[in-house]
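What's in query-v4.cif: mmCIF, C-alpha atoms
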```
data_query
#
loop_
_atom_site.label_atom_id
_atom_site.label_comp_id
_atom_site.auth_asym_id
_atom_site.auth_seq_id
_atom_site.Cartn_x
_atom_site.Cartn_y
_atom_site.Cartn_z
CA MET A 1413 -131.68 -29.01 18.03
CA SER A 1414 -130.02 -25.85 19.41
CA LEU A 1415 -126.43 -25.80 20.68
CA LEU A 1416 -127.63 -25.39 24.28
CA SER A 1417 -129.94 -28.40 23.91
CA ARG A 1418 -127.07 -30.45 22.49
CA ILE A 1419 -124.86 -29.53 25.44
CA ASN A 1420 -127.61 -30.34 27.96
CA SER A 1421 -128.08 -33.77 26.38
CA LEU A 1422 -124.48 -34.73 27.23
CA SER A 1423 -123.41 -36.50 30.41
CA THR A 1424 -123.12 -34.32 33.52
CA PRO A 1425 -119.27 -34.28 33.78
CA VAL A 1426 -118.88 -33.41 30.08
CA ARG A 1427 -121.57 -30.74 30.33
CA TRP A 1428 -119.89 -29.12 33.33
CA MET A 1429 -116.51 -29.10 31.57
CA ILE A 1430 -118.01 -27.43 28.49
CA TYR A 1431 -119.72 -24.77 30.60
CA ALA A 1432 -116.46 -24.18 32.50
CA ALA A 1433 -114.53 -23.81 29.22
CA LEU A 1434 -117.14 -21.35 27.93
CA GLY A 1435 -116.93 -19.42 31.18
CA ILE A 1436 -113.15 -19.12 30.84
CA LEU A 1437 -113.63 -17.98 27.25
CA GLY A 1438 -115.90 -15.19 28.47
CA LEU A 1439 -113.30 -14.11 31.03
CA VAL A 1440 -110.56 -14.15 28.37
CA ILE A 1441 -112.64 -11.95 26.07
CA VAL A 1442 -113.28 -9.47 28.89
CA GLN A 1443 -109.59 -9.56 29.79
CA SER A 1444 -108.69 -8.73 26.19
CA PHE A 1445 -110.78 -5.53 26.24
CA THR A 1446 -109.85 -4.29 29.72
CA ASP A 1447 -106.80 -3.66 31.90
CA ALA A 1448 -107.57 -6.81 33.91
CA SER A 1449 -104.73 -9.32 33.97
CA LYS A 1450 -105.63 -11.75 36.76
CA LEU A 1451 -109.03 -13.09 35.77
CA THR A 1452 -107.63 -16.44 34.59
CA THR A 1453 -104.34 -16.89 36.44
CA THR A 1454 -103.26 -19.91 38.48
CA THR A 1455 -103.04 -17.82 41.66
CA THR A 1456 -106.62 -16.59 41.19
CA SER A 1457 -108.11 -20.05 40.68
CA GLY A 1458 -106.04 -21.45 43.56
CA ALA A 1459 -107.25 -18.69 45.87
CA MET A 1460 -110.80 -19.27 44.63
CA LEU A 1461 -110.60 -22.87 45.85
CA ARG A 1462 -109.50 -21.75 49.31
CA TRP A 1463 -112.34 -19.24 49.57
CA THR A 1464 -114.79 -21.78 48.16
CA VAL A 1465 -114.11 -24.56 50.67
CA PRO A 1466 -115.85 -23.19 53.82
CA VAL A 1467 -118.86 -21.94 51.85
CA MET A 1468 -119.14 -25.24 49.98
CA LEU A 1469 -118.87 -27.31 53.16
CA ALA A 1470 -121.52 -25.19 54.87
CA GLY A 1471 -123.75 -25.59 51.81
CA LEU A 1472 -123.27 -29.37 51.78
CA GLY A 1473 -124.10 -29.41 55.48
CA GLY A 1474 -127.28 -27.47 54.87
CA MET A 1475 -128.12 -29.87 52.03
CA PHE A 1476 -128.02 -32.96 54.26
CA SER A 1477 -130.12 -31.24 56.91
CA GLU A 1478 -132.73 -29.93 54.48
CA ARG A 1479 -132.86 -33.19 52.53
CA ALA A 1480 -133.90 -34.66 55.89
CA GLY A 1481 -136.55 -31.95 56.25
CA VAL A 1482 -134.83 -29.74 58.84
CA VAL A 1483 -133.89 -26.15 58.04
CA ASN A 1484 -130.50 -25.35 59.58
CA ILE A 1485 -129.82 -21.63 59.68
CA ALA A 1486 -127.48 -22.29 62.62
CA LEU A 1487 -124.61 -23.16 60.24
CA ASP A 1488 -122.79 -19.90 60.99
CA GLY A 1489 -122.84 -20.59 64.72
CA ILE A 1490 -121.84 -24.22 64.27
CA MET A 1491 -118.90 -23.06 62.15
CA VAL A 1492 -117.76 -20.91 65.09
CA LEU A 1493 -117.70 -24.03 67.28
CA GLY A 1494 -115.84 -25.99 64.61
CA MET A 1495 -113.28 -23.21 64.25
CA TRP A 1496 -112.66 -22.95 68.00
CA PHE A 1497 -112.44 -26.67 68.67
CA GLY A 1498 -110.37 -27.19 65.52
CA ALA A 1499 -107.89 -24.54 66.62
CA TRP A 1500 -107.70 -25.94 70.17
CA GLY A 1501 -107.15 -29.46 68.84
CA THR A 1502 -104.44 -28.29 66.43
CA ILE A 1503 -102.58 -26.43 69.19
CA ASN A 1504 -102.56 -29.47 71.47
CA TYR A 1505 -102.46 -32.46 69.14
CA GLY A 1506 -101.60 -31.30 65.61
CA PRO A 1507 -103.58 -30.43 62.46
CA TRP A 1508 -105.15 -33.85 61.79
CA ALA A 1509 -106.41 -34.26 65.34
CA GLY A 1510 -107.49 -30.61 65.22
CA LEU A 1511 -109.62 -31.32 62.16
CA LEU A 1512 -111.24 -34.32 63.86
CA ILE A 1513 -111.95 -32.32 67.02
CA GLY A 1514 -113.39 -29.51 64.88
CA LEU A 1515 -115.73 -32.05 63.27
CA LEU A 1516 -116.81 -33.21 66.72
CA GLY A 1517 -117.43 -29.63 67.80
CA GLY A 1518 -119.64 -29.13 64.75
CA ALA A 1519 -121.41 -32.44 65.41
CA LEU A 1520 -122.21 -31.22 68.91
CA GLY A 1521 -123.83 -28.09 67.49
CA GLY A 1522 -125.79 -30.21 65.00
CA LEU A 1523 -126.91 -32.54 67.79
CA VAL A 1524 -128.28 -29.62 69.81
CA HIS A 1525 -130.25 -28.43 66.78
CA ALA A 1526 -131.54 -31.95 66.15
CA VAL A 1527 -132.68 -32.43 69.73
CA ALA A 1528 -134.52 -29.11 69.68
CA THR A 1529 -136.19 -29.49 66.30
CA VAL A 1530 -136.70 -33.24 65.92
CA SER A 1531 -137.33 -34.40 69.48
CA PHE A 1532 -138.95 -31.33 71.02
CA GLY A 1533 -140.54 -29.85 67.90
CA VAL A 1534 -139.02 -26.41 68.36
CA ASP A 1535 -139.45 -24.17 65.33
CA HIS A 1536 -136.38 -24.67 63.12
CA ILE A 1537 -135.71 -20.95 62.77
CA ILE A 1538 -135.97 -20.29 66.51
CA SER A 1539 -133.60 -23.14 67.30
CA GLY A 1540 -131.17 -21.94 64.64
CA VAL A 1541 -131.19 -18.37 65.90
CA ALA A 1542 -130.60 -19.60 69.47
CA ILE A 1543 -127.49 -21.49 68.35
CA LEU A 1544 -126.33 -18.50 66.31
CA ILE A 1545 -126.49 -16.35 69.44
CA ALA A 1546 -125.08 -18.92 71.86
CA ALA A 1547 -122.13 -20.26 69.82
CA PRO A 1548 -120.01 -17.07 69.74
CA GLY A 1549 -120.61 -16.61 73.48
CA ILE A 1550 -119.53 -20.19 74.18
CA ALA A 1551 -116.40 -19.74 72.04
CA ARG A 1552 -115.54 -16.50 73.83
CA PHE A 1553 -115.96 -18.12 77.26
CA LEU A 1554 -113.77 -21.06 76.24
CA SER A 1555 -111.15 -18.66 74.89
CA LEU A 1556 -111.12 -16.78 78.18
CA GLU A 1557 -110.76 -19.98 80.19
CA ILE A 1558 -108.45 -21.96 77.89
CA MET A 1559 -107.09 -20.15 74.82
CA ALA A 1560 -105.82 -17.12 76.75
CA GLY A 1561 -103.57 -19.45 78.73
CA HIS A 1562 -101.54 -20.40 75.66
CA ASP A 1563 -98.55 -18.42 74.44
CA GLY A 1564 -99.83 -15.95 71.84
CA GLY A 1565 -103.46 -16.69 72.68
CA SER A 1566 -106.09 -14.29 74.01
CA ILE A 1567 -109.82 -14.02 74.51
CA THR A 1568 -110.28 -13.27 70.80
CA GLN A 1569 -107.61 -15.35 69.08
CA SER A 1570 -105.39 -18.41 69.26
CA PRO A 1571 -101.65 -18.84 68.70
CA ARG A 1572 -100.48 -19.49 65.15
CA LEU A 1573 -101.63 -22.90 63.85
CA SER A 1574 -99.80 -25.48 61.74
CA GLY A 1575 -101.11 -26.94 58.48
CA ALA A 1576 -101.43 -30.48 57.16
CA GLY A 1577 -99.19 -30.09 54.12
CA LYS A 1578 -99.60 -29.41 50.40
CA PHE A 1579 -99.97 -31.51 47.29
CA THR A 1580 -99.17 -30.80 43.64
CA LEU A 1581 -100.34 -33.24 40.99
CA PRO A 1582 -97.43 -34.83 39.10
CA PHE A 1583 -97.13 -34.25 35.33
CA LEU A 1584 -100.07 -31.82 35.08
CA ALA A 1585 -98.59 -29.29 37.51
CA GLY A 1586 -95.03 -30.52 38.13
CA GLY A 1587 -95.56 -32.40 41.38
CA ARG A 1588 -92.76 -34.54 42.80
CA ILE A 1589 -92.60 -38.33 42.73
CA GLY A 1590 -90.08 -39.05 45.45
CA ASP A 1591 -87.11 -36.77 44.80
CA TRP A 1592 -87.91 -36.44 41.10
CA ARG A 1593 -89.90 -33.45 39.91
CA SER A 1594 -92.24 -34.44 37.11
CA PRO A 1595 -92.96 -32.29 34.02
CA ASP A 1596 -95.38 -29.38 34.38
CA ILE A 1597 -97.60 -29.80 31.31
CA LEU A 1598 -100.19 -27.16 32.19
CA GLY A 1599 -97.43 -24.75 33.19
CA TRP A 1600 -95.70 -25.29 29.84
CA PHE A 1601 -98.85 -24.31 27.94
CA THR A 1602 -99.45 -21.36 30.28
CA ASP A 1603 -95.95 -19.98 29.70
CA LYS A 1604 -96.51 -20.00 25.91
CA ASP A 1605 -98.96 -17.11 26.32
CA TRP A 1606 -101.31 -18.39 23.63
CA TRP A 1607 -104.66 -16.62 23.53
CA TYR A 1608 -107.33 -18.62 25.41
CA ILE A 1609 -105.27 -21.86 25.51
CA SER A 1610 -102.76 -20.45 28.00
CA ASP A 1611 -105.55 -18.83 30.00
CA LEU A 1612 -107.47 -22.10 30.14
CA THR A 1613 -104.46 -24.12 31.25
CA GLY A 1614 -103.38 -21.41 33.70
CA PHE A 1615 -106.78 -21.38 35.38
CA ALA A 1616 -106.96 -25.19 35.39
CA ARG A 1617 -103.49 -25.41 36.93
CA GLY A 1618 -104.79 -23.72 40.08
CA PHE A 1619 -106.95 -26.81 40.67
CA VAL A 1620 -103.95 -29.16 40.86
CA PHE A 1621 -101.06 -26.97 42.08
CA ASN A 1622 -99.97 -26.50 45.71
CA LEU A 1623 -103.28 -27.65 47.18
CA SER A 1624 -103.87 -28.10 50.89
CA ILE A 1625 -104.65 -31.70 51.80
CA PHE A 1626 -107.74 -30.40 53.59
CA THR A 1627 -108.87 -28.71 50.36
CA ILE A 1628 -108.58 -32.01 48.49
CA ILE A 1629 -110.59 -33.79 51.19
CA ALA A 1630 -113.27 -31.08 51.10
CA PHE A 1631 -113.77 -31.31 47.32
CA SER A 1632 -113.75 -35.11 47.41
CA LEU A 1633 -116.86 -34.86 49.61
CA VAL A 1634 -118.87 -33.52 46.65
CA PRO A 1635 -118.92 -36.76 44.58
CA LEU A 1636 -119.12 -38.75 47.83
CA SER A 1637 -122.23 -36.79 48.88
CA ALA A 1638 -123.80 -37.24 45.44
CA TRP A 1639 -123.21 -40.99 45.57
CA LEU A 1640 -124.53 -41.19 49.15
CA LEU A 1641 -127.71 -39.26 48.37
CA TRP A 1642 -128.61 -40.71 44.96
CA ARG A 1643 -127.05 -44.18 44.86
CA THR A 1644 -127.59 -45.68 48.32
CA ARG A 1645 -130.50 -46.89 50.42
CA PHE A 1646 -129.46 -44.45 53.14
CA GLY A 1647 -129.72 -41.53 50.71
CA LEU A 1648 -133.15 -42.61 49.52
CA ARG A 1649 -134.46 -42.83 53.08
CA LEU A 1650 -132.92 -39.50 54.00
CA ARG A 1651 -134.57 -37.83 50.99
CA ILE A 1652 -137.93 -39.40 51.90
CA CYS A 1653 -137.68 -37.60 55.26
CA GLY A 1654 -137.52 -34.28 53.44
CA GLU A 1655 -140.09 -35.09 50.77
CA HIS A 1656 -142.85 -37.16 52.38
CA PRO A 1657 -142.00 -38.39 55.89
CA THR A 1658 -145.43 -39.97 56.52
CA ALA A 1659 -145.00 -42.11 53.41
CA GLY A 1660 -141.58 -43.17 54.71
CA GLU A 1661 -143.08 -43.98 58.08
CA SER A 1662 -145.66 -46.22 56.41
CA GLN A 1663 -142.75 -48.15 54.86
CA GLY A 1664 -141.20 -48.76 58.27
CA ILE A 1665 -138.51 -46.06 58.11
CA ASN A 1666 -137.58 -44.51 61.46
CA ILE A 1667 -137.92 -40.89 60.37
CA TYR A 1668 -136.54 -39.51 63.63
CA VAL A 1669 -133.30 -41.46 63.28
CA TYR A 1670 -132.68 -40.25 59.73
CA LYS A 1671 -133.51 -36.66 60.64
CA TYR A 1672 -130.99 -36.87 63.48
CA ILE A 1673 -128.35 -38.28 61.13
CA GLY A 1674 -129.00 -35.58 58.53
CA VAL A 1675 -128.75 -32.71 61.02
CA ILE A 1676 -125.67 -34.14 62.76
CA LEU A 1677 -124.00 -34.64 59.37
CA SER A 1678 -124.86 -31.02 58.69
CA GLY A 1679 -123.06 -30.06 61.90
CA VAL A 1680 -120.02 -32.19 61.04
CA LEU A 1681 -119.61 -30.51 57.66
CA ALA A 1682 -120.12 -27.04 59.15
CA GLY A 1683 -117.53 -27.93 61.80
CA PHE A 1684 -115.13 -28.89 59.00
CA ALA A 1685 -115.82 -25.51 57.38
CA GLY A 1686 -115.03 -23.68 60.61
CA ALA A 1687 -111.89 -25.71 61.27
CA PHE A 1688 -110.72 -24.98 57.69
CA ILE A 1689 -111.06 -21.22 58.27
CA ALA A 1690 -108.61 -21.52 61.17
CA THR A 1691 -105.99 -23.36 59.07
CA PRO A 1692 -103.07 -21.55 57.36
CA GLU A 1693 -105.08 -21.75 54.11
CA LEU A 1694 -107.18 -18.81 55.32
CA ASN A 1695 -106.59 -17.34 58.80
CA GLY A 1696 -103.83 -19.48 60.27
CA ILE A 1697 -105.38 -18.79 63.70
CA TYR A 1698 -108.70 -18.91 65.48
CA LEU A 1699 -109.94 -15.34 65.26
CA GLU A 1700 -113.21 -14.21 66.79
CA GLY A 1701 -115.69 -13.01 64.18
CA SER A 1702 -113.78 -14.41 61.20
CA VAL A 1703 -116.54 -16.82 60.14
CA ASN A 1704 -117.93 -13.66 58.55
CA GLN A 1705 -121.40 -15.03 57.69
CA ARG A 1706 -120.04 -17.81 55.51
CA GLY A 1707 -122.72 -20.10 56.91
CA PHE A 1708 -125.41 -17.88 55.42
CA ILE A 1709 -123.49 -17.67 52.14
CA GLY A 1710 -123.37 -21.48 52.21
CA LEU A 1711 -127.17 -21.54 52.49
CA ALA A 1712 -127.29 -19.21 49.48
CA ALA A 1713 -125.02 -21.62 47.57
CA LEU A 1714 -127.41 -24.41 48.57
CA ILE A 1715 -130.35 -22.56 47.03
CA ILE A 1716 -128.42 -21.65 43.88
CA GLY A 1717 -127.25 -25.26 43.61
CA ASN A 1718 -130.84 -26.54 43.81
CA TRP A 1719 -130.10 -28.72 46.87
CA ARG A 1720 -127.64 -30.87 44.89
CA PRO A 1721 -123.93 -31.45 45.72
CA ALA A 1722 -122.45 -30.38 42.36
CA GLY A 1723 -124.73 -27.35 42.29
CA VAL A 1724 -123.64 -26.38 45.80
CA MET A 1725 -120.00 -26.60 44.72
CA ALA A 1726 -120.67 -24.44 41.65
CA GLY A 1727 -122.59 -21.89 43.73
CA ALA A 1728 -119.78 -21.75 46.29
CA MET A 1729 -117.23 -21.17 43.51
CA LEU A 1730 -119.42 -18.39 42.19
CA PHE A 1731 -119.02 -16.68 45.56
CA GLY A 1732 -115.37 -17.65 46.04
CA TYR A 1733 -114.10 -16.30 42.72
CA PRO A 1734 -114.76 -12.55 43.24
CA PHE A 1735 -113.38 -12.68 46.80
CA ALA A 1736 -110.20 -14.39 45.58
CA LEU A 1737 -109.89 -11.85 42.77
CA GLY A 1738 -110.43 -8.90 45.10
CA LEU A 1739 -107.63 -9.97 47.45
CA ARG A 1740 -105.01 -9.64 44.71
CA ASP A 1741 -106.48 -6.65 42.94
CA LEU A 1742 -104.33 -3.77 44.14
CA ASP A 1743 -105.40 -1.28 41.47
CA GLY A 1744 -109.04 -2.41 41.24
CA SER A 1745 -108.90 -3.19 37.51
CA ASN A 1746 -109.85 -6.84 37.87
CA THR A 1747 -112.88 -6.36 40.14
CA HIS A 1748 -113.93 -3.49 37.87
CA ALA A 1749 -113.82 -5.93 34.93
CA LEU A 1750 -116.38 -8.09 36.75
CA LEU A 1751 -118.97 -5.45 35.83
CA LEU A 1752 -118.38 -6.23 32.16
CA VAL A 1753 -118.57 -9.96 32.94
CA ALA A 1754 -121.89 -9.41 34.70
CA ALA A 1755 -123.21 -7.33 31.80
CA GLY A 1756 -122.33 -10.11 29.34
CA VAL A 1757 -123.87 -12.88 31.45
CA LEU A 1758 -127.08 -10.92 32.00
CA ALA A 1759 -127.29 -10.15 28.28
CA VAL A 1760 -127.12 -13.88 27.50
CA VAL A 1761 -129.77 -14.58 30.17
CA SER A 1762 -131.98 -11.84 28.70
CA ILE A 1763 -131.67 -13.22 25.15
CA ASN A 1764 -132.42 -16.76 26.36
CA ASN A 1765 -135.54 -15.56 28.22
CA PHE A 1766 -136.70 -13.64 25.16
CA ARG A 1767 -136.32 -16.75 22.98
CA HIS A 1768 -138.48 -18.70 25.41
CA GLY A 1769 -141.17 -16.03 25.57
CA ASN A 1770 -140.35 -14.72 29.07
CA ARG A 1771 -140.61 -11.09 28.06
CA THR A 1772 -140.65 -9.64 31.60
CA ASP A 1773 -137.49 -11.50 32.65
CA ALA A 1774 -135.88 -10.64 29.31
CA PHE A 1775 -136.58 -6.92 29.81
CA LEU A 1776 -135.36 -6.96 33.42
CA GLY A 1777 -132.19 -8.87 32.53
CA GLY A 1778 -131.48 -6.53 29.63
CA LEU A 1779 -132.01 -3.48 31.82
CA ILE A 1780 -129.63 -4.69 34.53
CA SER A 1781 -127.11 -5.67 31.83
CA VAL A 1782 -127.21 -2.14 30.39
CA LEU A 1783 -126.85 -0.60 33.85
CA ALA A 1784 -123.82 -2.80 34.60
CA PHE A 1785 -122.26 -1.84 31.26
CA VAL A 1786 -122.91 1.88 31.86
CA TRP A 1787 -121.34 1.59 35.33
CA PHE A 1788 -118.32 -0.13 33.77
CA MET A 1789 -117.90 2.51 31.07
CA GLY A 1790 -118.40 5.41 33.47
CA SER A 1791 -115.88 4.33 36.11
CA GLU A 1792 -112.30 3.14 36.45
CA THR A 1793 -112.76 1.12 39.63
CA VAL A 1794 -115.49 -0.11 41.97
CA PRO A 1795 -116.04 0.72 45.65
CA ASP A 1796 -114.58 -1.56 48.34
CA TRP A 1797 -118.05 -2.71 49.36
CA PHE A 1798 -118.78 -4.10 45.88
CA ILE A 1799 -117.13 -7.47 46.58
CA ASN A 1800 -118.85 -7.75 49.97
CA ILE A 1801 -122.35 -7.35 48.55
CA LEU A 1802 -121.80 -9.65 45.55
CA PRO A 1803 -123.15 -12.78 47.35
CA GLN A 1804 -126.45 -11.01 48.04
CA LEU A 1805 -126.64 -9.67 44.48
CA ILE A 1806 -125.93 -13.08 42.97
CA VAL A 1807 -128.64 -14.71 45.10
CA LEU A 1808 -131.19 -12.06 44.11
CA LEU A 1809 -130.37 -12.44 40.42
CA VAL A 1810 -130.54 -16.24 40.52
CA LEU A 1811 -133.86 -16.19 42.38
CA THR A 1812 -135.19 -13.62 39.90
CA PHE A 1813 -134.25 -15.43 36.69
CA PHE A 1814 -134.01 -19.10 37.68
CA SER A 1815 -136.46 -19.58 40.56
CA GLN A 1816 -138.75 -21.71 38.38
CA ARG A 1817 -135.93 -24.27 38.05
CA LEU A 1818 -135.30 -24.48 41.80
CA ARG A 1819 -137.15 -26.96 43.98
CA MET A 1820 -136.56 -27.38 47.67
CA PRO A 1821 -137.54 -30.65 49.42
CA ALA A 1822 -141.34 -30.69 49.74
CA ALA A 1823 -141.41 -31.20 53.53
CA ASP A 1824 -138.42 -28.98 54.31
CA GLY A 1825 -139.02 -27.08 57.54
CA GLN A 1826 -142.39 -28.69 58.23
CA PRO A 1827 -143.05 -30.17 61.69
CA TYR A 1828 -143.25 -33.95 61.89
CA ARG A 1829 -144.72 -36.17 64.57
CA ARG A 1830 -144.84 -39.93 64.34
CA GLY A 1831 -148.33 -41.24 63.58
CA LYS A 1832 -149.73 -37.90 62.40
CA THR A 1833 -150.65 -37.28 58.75
#
```

Please express what this file holds, its structure, as structure tokens.
Amino acid sequence: MSLLSRINSLSTPVRWMIYAALGILGLVIVQSFTDASKLTTTTTSGAMLRWTVPVMLAGLGGMFSERAGVVNIALDGIMVLGMWFGAWGTINYGPWAGLLIGLLGGALGGLVHAVATVSFGVDHIISGVAILIAAPGIARFLSLEIMAGHDGGSITQSPRLSGAGKFTLPFLAGGRIGDWRSPDILGWFTDKDWWYISDLTGFARGFVFNLSIFTIIAFSLVPLSAWLLWRTRFGLRLRICGEHPTAGESQGINIYVYKYIGVILSGVLAGFAGAFIATPELNGIYLEGSVNQRGFIGLAALIIGNWRPAGVMAGAMLFGYPFALGLRDLDGSNTHALLLVAAGVLAVVSINNFRHGNRTDAFLGGLISVLAFVWFMGSETVPDWFINILPQLIVLLVLTFFSQRLRMPAADGQPYRRGKT
């Protein structure tokens, strides 16, 4: 049995931890041969979490909708509603009420999409595009009528917003228990500057140090979603709606009700994503246009994650990491090092395809790997647009080399009418 087969035979949590450790090892090796110094720092991994949250929440929202058989490309527009209502609620009632109101704003967007697609049978793409067009206009109108009346507010932005507080895990990252500050075990190892060990603990520390409460809530939704979808009767019925709704109907399941629930849940999660963007973790204000297509990137994370919660989280992190790295990369050395990372990953993919007899994919992966390596060797930095196009490049590469492992729900996007086969 090969090493990869042995790893894949382990339980899911253990397998993910091993893959994460191997990923950090790859980054450490690249860091050793380049001028990059921030690939594995606590600040980088902490920033990655913040950038990951809205994409991950949008992806989870899309997952619930598509598991119910309804394509929701309106996520970007629903996030705009969540951001506006979240900001308005925070200004008037505080951050926790703002989050709840943002969720309700997203639920409203999801409800509109559900009514159009489930009740009236409107094409899912047409309904989604309509919401994408309408939501920014609605937010702008509300800003003109309401937000501009607040001190520091205008038609395009809100006043500065307050946050919900931070949390640092005791013992692992030095969090406080009452007035006593506990030991910082991961920080101690990081300060030793041991090759790989300190990098591993430094990167891991970003997952438990100075976290927003909203970030913790967002990531706790991943195991909750997995449990809901795969361990409950509700999840089974929701998945039947996206796989074979007529079979579910024959078993007495009200398909319409579960489709509504799935799409509204999708809106709630997208509203959470929008409200999070407005918090001090990212913008600190409602700012027109700052959703920045994260809803579409969330759909990409959904595809990469194979319509599964943990996969969506991993896909969102894959997008969040380069953005977090780029923000703190003043001289461009760290984003430039990503070319070498990409070359190494594609080389491994190419070798794996060759071993399994996929000669075309092996050749294509090897060619792209060589091109990435040549670009790395022939340059000292990368253009500013490189980080912005990475999500599209990652999606194209995943679809090229792993599409045979991806399977969307069988009835996703298909029209359904009760009593029709």

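For the pair atom CA of Asp1447 of chain A and atom CA of Asn1746 of chain A, the separation is 7.4 Å.
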
Given the file above and the PyMOL selection byres ((chain A and resi 1813-1822) around 8), which residues are selected, and can you give them as JSON, numbers by chain?
-> {"A": [1478, 1479, 1481, 1651, 1654, 1655, 1656, 1715, 1716, 1718, 1719, 1761, 1773, 1809, 1810, 1811, 1812, 1823, 1824]}

For Arg1830 of chain A, the nearest of the candidates A:Ala1659, A:Ile1558, A:Ile1589, A:Leu1612, counting only C-alpha atoms |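 Result for the nearest residue to Arg1830 of chain A: A:Ala1659.
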
So which one's closest to His1748 of chain A, A:Ala1784, A:Leu1511, A:Val1541, A:Ala1722? Using only C-alpha atoms, please.
->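 Counting only C-alpha atoms, the residue closest to His1748 of chain A is A:Ala1784.
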
Shell around Leu1554 of chain A at 10 Å using only C-alpha atoms, local window under 4 positions removed, as a PyMOL selection string | chain A and resi 1496-1497+1500+1548-1550+1558-1560+1567

Nearest candidate to Ile1490 of chain A (options A:Trp1606, A:Trp1463, A:Phe1684, A:Trp1642; using only C-alpha atoms) =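 Once distances to Ile1490 of chain A are computed over only C-alpha atoms, the minimum belongs to A:Phe1684.
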
I'd like the neighbourhood of Asn1800 of chain A as a short mmCIF file (atom, residue, chain, number, x, y, z; two decimals) with C-alpha atoms, keeping the file's coordinate frame, where a residue qualifies if any of its atoms comes within 12 Å (using all atoms listed in the file), though same-chain residues fewer than 5 positions away should be ignored.
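Here's the written file around_7.cif:
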```cif
data_model
loop_
_atom_site.label_atom_id
_atom_site.label_comp_id
_atom_site.auth_asym_id
_atom_site.auth_seq_id
_atom_site.Cartn_x
_atom_site.Cartn_y
_atom_site.Cartn_z
CA ASN A 1704 -117.93 -13.66 58.55
CA GLN A 1705 -121.40 -15.03 57.69
CA ARG A 1706 -120.04 -17.81 55.51
CA ILE A 1709 -123.49 -17.67 52.14
CA PHE A 1731 -119.02 -16.68 45.56
CA GLY A 1732 -115.37 -17.65 46.04
CA PRO A 1734 -114.76 -12.55 43.24
CA PHE A 1735 -113.38 -12.68 46.80
CA ALA A 1736 -110.20 -14.39 45.58
CA GLY A 1738 -110.43 -8.90 45.10
CA LEU A 1739 -107.63 -9.97 47.45
CA THR A 1747 -112.88 -6.36 40.14
CA VAL A 1794 -115.49 -0.11 41.97
CA PRO A 1795 -116.04 0.72 45.65
CA LEU A 1805 -126.64 -9.67 44.48
CA ILE A 1806 -125.93 -13.08 42.97
#
```

Please measure the separation of atom CA of Ile1689 of chain A and atom CA of Leu1487 of chain A, giving the value in Å to one decimal.
->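 We find that atom CA of Ile1689 of chain A and atom CA of Leu1487 of chain A lie 13.8 Å from each other.
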
Could you please determine the separation between atom CA of Ala1713 of chain A and atom CA of Ser1539 of chain A in Å, to one decimal place?
->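 Answer for the atom CA of Ala1713 of chain A to atom CA of Ser1539 of chain A separation: 21.6 Å.
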
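Of the residues listed (A:Ser1555, A:Ala1585, A:Gly1831, A:Val1465), A:Gly1831 shows the shortest atom-to-atom separation from Ser1662 of chain A; distances use only C-alpha atoms.
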
I'd like the neighbourhood of Ala1470 of chain A as an mmCIF file with C-alpha atoms, in the frame of the given file, where a residue qualifies if any of its atoms comes within 6 Å (using only C-alpha atoms), though same-chain residues fewer than 3 positions away should be ignored.
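out-v1.cif, freshly written:
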```cif
data_model
loop_
_atom_site.group_PDB
_atom_site.id
_atom_site.type_symbol
_atom_site.label_atom_id
_atom_site.label_comp_id
_atom_site.auth_asym_id
_atom_site.auth_seq_id
_atom_site.Cartn_x
_atom_site.Cartn_y
_atom_site.Cartn_z
ATOM 1 C CA VAL A 1467 -118.860 -21.940 51.850
ATOM 2 C CA GLY A 1473 -124.100 -29.410 55.480
ATOM 3 C CA ALA A 1682 -120.120 -27.040 59.150
ATOM 4 C CA GLY A 1707 -122.720 -20.100 56.910
ATOM 5 C CA GLY A 1710 -123.370 -21.480 52.210
#
```

Between A:Ala1759, A:Leu1623, A:Leu1742, A:Leu1439, which one has atoms that come closest to Ala1459 of chain A, using all atoms listed in the file?
-> A:Leu1623

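Residues with any atom within 9 Å of Gly1577 of chain A, counting only C-alpha atoms and excluding same-chain neighbours fewer than 3 positions away, are Ser1574, Leu1623, Ser1624, Ile1625 and Phe1626 of chain A.
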
Return as number ranges by chain the set of residues that the PyMOL selection byres ((chain A and resi 1438) around 12) yields on the displayed structure.
-> A: 1431-1437, 1439-1445, 1451-1452, 1608, 1611-1612, 1749-1750, 1752-1757, 1760

Name all residues at most 12 Å from Val1527 of chain A (count all atoms listed in the file; drop same-chain ones fewer than 4 positions away) and give them as a ChimeraX atom specification.
-> /A:1482,1520-1523,1531-1536,1539-1540,1668-1669,1671-1673,1675-1676

Which residue out of A:Ser1745, A:Thr1627, A:Ser1566, A:Ser1781 has the minimum interatomic distance to Thr1464 of chain A when all atoms listed in the file are used?
->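 Of A:Ser1745, A:Thr1627, A:Ser1566, A:Ser1781, the one nearest Thr1464 of chain A is A:Thr1627, counting all atoms listed in the file.
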